[in-house]
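First up is the structure itself, then whatever we jot down about it.
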Amino acid sequence: MADFERLSEEVIAGSVDEVAELTQEAIDGGAEPKEIINQGLINGMSIVGQRFKEGDMFVPEVMMAAKAMKGGMELVEPLLAEGDTSTVGTVVLGTVAGDLHDIGKNLVAMMMESASLKVVDLGIDVDPAEFVEAVKEHQPDVLGMSALLTTTMLEMQNTIELLEEEGLRDSLKVIIGGAPVTPDFGEEIGADAWAPDAASAKDKVLELID
Ligand code: B1M
């Protein structure tokens with residue numbers, strides 16, 4: 001019988017080798033791939049998200065946990081049957097134009113992926129036209145923008161305005177975040193949601209697409 005509790009604990013501990021070993025043991029023991037993911041890997045990562053939100057875990061630990069989880073995922077994913085890989089929604093995500101900060105944005109992406117959201121990560125320095133092109137191409141449920149500079153957060157507004165001009169604003173929700181970004185600013189520019197951290201961003205997106 002697969003030890004999902006231990007698997008979750010090793011994800012939380014960021015133990016890359018142990019997670020790979022336990023995942024392989026679970027596979028060899030005949031556990032369902034979906035159970036390994038949900039009860040072991042994702043369960044561990046959800047606890048990481050919660051602890052990070054509460055200030056009980058820090059960025060390097062979260063990154064190690066995500067790395068361990070991804071290692072396990074790589075072993076299980078090829079075994080998933082068609083249809084089992086379904087995601088709960090798609091998010092196009094990026095750091096806005098002129099802004100090169102991506103540590104927080106990457107954490108947001110990891111948390112979202114661990115909640116079975118498909119993330120199309122456009123990277124850093126993404127200008128409004130690139131966001132709009134990606135929305136046209138991927139038709140996401142949610143567009144997420146990150147900014148770390150007071151000078152670049154205005155690009156969020158420019159992007160929302162361009163989405164409106166292109167008639168795309170009503171077909172998706174917009175979530176924003178990053179250290180200088182406030183809920184008031186979000187309201188001012190017409191974003192649908194704001195989140196203070198990666199785990200909350202994931203929760204807000206799940207609420208938005210519910
Ligand atoms: Co820069 N930098 N930086 N920097 N940098 C800050 C942001 C700054 C506050 C430092 C300071 O002066 N005290 C300051 C901004 C001042 C301001 O505008 N208010 C600053 C500056 C000025 C600059 C430069 C202009 C410096 C220079 O060259 N003179 C320059 C600008 C470059 C550019 O972007 N064009 C610059 C460059 C850099 C580095 C490249 C060296 C590096 C970035 C490396 C990288 O990201 N790959 C860097 C770093 C590391 C920082 C600090 C030290 C740390 C940022 C970070 O990664 N935090 C930062 C000072 C600080 O914050 N203490 C600083 C950890 C990360 C997990 O948190 O990104 O806030 P954060 O993300 C959180 C939440 O905000 C939220 O969730 C995340 C996880 O909980 N969140 C979202 C983020 N995005 C979200 C999106 C969401 C929802 C939530 O929805 C979509």
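We name chains A, B, ... following the order of the structure tokens; residues begin at 1 in each chain, and ligands are numbered from 1 as shown.
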
Checklist entry - What residues have any atom no more than 9 Å from ligand 1 when counting only C-alpha atoms and all ligand atoms, and can you list them as a PyMOL selection string? => result chain A and resi 52-53+58-59+93-95+97-109+124-125+143-153+174-181+193-202+204-205

Item to check | Which of chain A DSSP labels strand (DSSP E or B), written as a count of residues only | outcome: 27

Next on the checklist: Which residue is closest to Gly44 of chain A? Choose from A:Leu75, A:Val91, A:Val11, A:Val16 and count only C-alpha atoms.
Outcome noted: A:Val11

Checklist entry - Given the choices A:Lys67, A:Ala31, A:Glu187, A:Val135, which gets closest to Leu163 of chain A if the distance is worked out from only C-alpha atoms? => result A:Val135

Item to check | Residues of segment 92-165 of chain A in alpha helix (DSSP H), written as number ranges by chain | outcome: A: 103-113, 128-138, 154-165

Item to check | All residues 10 Å or closer to Asp3 of chain A, only C-alpha atoms, same chain fewer than 4 positions away omitted, as a ChimeraX atom specification | outcome: /A:7-8,22-23,25-26,31,36,39-40

Next on the checklist: Need to verify the contact set: Gly72 of chain A, 8 Å, only C-alpha atoms, exclusion of same-chain residues closer than 6 positions in sequence. Can you return it as a list in words?
Outcome noted: Val19, Ala20, Thr23 and Leu41 of chain A

Next on the checklist: I'd like the neighbourhood of Asp141 of chain A as a ChimeraX atom specification, where a residue qualifies if any of its atoms comes within 9 Å (using only C-alpha atoms), though same-chain residues fewer than 3 positions away should be ignored.
Outcome noted: /A:89-92,171-174,205,208-209

Print the selection's residues with N, CA, C and O atoms to a file, as a PDB file, in the first residue's frame.
```
ATOM      1  N   GLY A  89      -8.358  24.856 -15.417  1.00  0.00           N
ATOM      2  CA  GLY A  89      -8.452  26.138 -16.096  1.00  0.00           C
ATOM      3  C   GLY A  89      -7.081  26.564 -16.597  1.00  0.00           C
ATOM      4  O   GLY A  89      -6.068  25.940 -16.267  1.00  0.00           O
ATOM      5  N   THR A  90      -7.081  27.610 -17.426  1.00  0.00           N
ATOM      6  CA  THR A  90      -5.818  28.079 -17.998  1.00  0.00           C
ATOM      7  C   THR A  90      -5.545  29.511 -17.560  1.00  0.00           C
ATOM      8  O   THR A  90      -6.441  30.352 -17.562  1.00  0.00           O
ATOM      9  N   VAL A  91      -4.288  29.743 -17.193  1.00  0.00           N
ATOM     10  CA  VAL A  91      -3.867  31.091 -16.786  1.00  0.00           C
ATOM     11  C   VAL A  91      -2.694  31.512 -17.665  1.00  0.00           C
ATOM     12  O   VAL A  91      -1.712  30.781 -17.788  1.00  0.00           O
ATOM     13  N   VAL A  92      -2.806  32.680 -18.284  1.00  0.00           N
ATOM     14  CA  VAL A  92      -1.651  33.277 -18.951  1.00  0.00           C
ATOM     15  C   VAL A  92      -1.023  34.217 -17.926  1.00  0.00           C
ATOM     16  O   VAL A  92      -1.714  35.031 -17.313  1.00  0.00           O
ATOM     17  N   SER A 171     -14.010  38.397 -21.832  1.00  0.00           N
ATOM     18  CA  SER A 171     -13.909  36.938 -21.956  1.00  0.00           C
ATOM     19  C   SER A 171     -12.958  36.331 -20.934  1.00  0.00           C
ATOM     20  O   SER A 171     -12.758  35.122 -20.919  1.00  0.00           O
ATOM     21  N   LEU A 172     -12.368  37.172 -20.087  1.00  0.00           N
ATOM     22  CA  LEU A 172     -11.439  36.606 -19.103  1.00  0.00           C
ATOM     23  C   LEU A 172     -11.386  37.460 -17.838  1.00  0.00           C
ATOM     24  O   LEU A 172     -11.829  38.612 -17.836  1.00  0.00           O
ATOM     25  N   LYS A 173     -10.848  36.863 -16.791  1.00  0.00           N
ATOM     26  CA  LYS A 173     -10.645  37.580 -15.539  1.00  0.00           C
ATOM     27  C   LYS A 173      -9.182  37.997 -15.464  1.00  0.00           C
ATOM     28  O   LYS A 173      -8.309  37.345 -16.047  1.00  0.00           O
ATOM     29  N   VAL A 174      -8.941  39.079 -14.723  1.00  0.00           N
ATOM     30  CA  VAL A 174      -7.563  39.563 -14.577  1.00  0.00           C
ATOM     31  C   VAL A 174      -7.191  39.591 -13.102  1.00  0.00           C
ATOM     32  O   VAL A 174      -7.933  40.129 -12.272  1.00  0.00           O
ATOM     33  N   VAL A 205      -7.591  32.589  -8.096  1.00  0.00           N
ATOM     34  CA  VAL A 205      -7.853  32.125  -9.464  1.00  0.00           C
ATOM     35  C   VAL A 205      -8.890  31.006  -9.446  1.00  0.00           C
ATOM     36  O   VAL A 205      -9.818  30.990 -10.260  1.00  0.00           O
ATOM     37  N   LEU A 208     -12.130  32.615  -9.058  1.00  0.00           N
ATOM     38  CA  LEU A 208     -12.546  33.347 -10.252  1.00  0.00           C
ATOM     39  C   LEU A 208     -13.134  32.442 -11.323  1.00  0.00           C
ATOM     40  O   LEU A 208     -14.032  32.836 -12.057  1.00  0.00           O
ATOM     41  N   ILE A 209     -12.580  31.207 -11.424  1.00  0.00           N
ATOM     42  CA  ILE A 209     -13.045  30.336 -12.509  1.00  0.00           C
ATOM     43  C   ILE A 209     -14.126  29.362 -12.049  1.00  0.00           C
ATOM     44  O   ILE A 209     -14.582  28.539 -12.822  1.00  0.00           O
TER      45      ILE A 209
END
```

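If you measure from each of A:Asp184, A:Ala129, A:Lys136, A:Ser46 to Ile160 of chain A using only C-alpha atoms, the closest one turns out to be A:Ala129.
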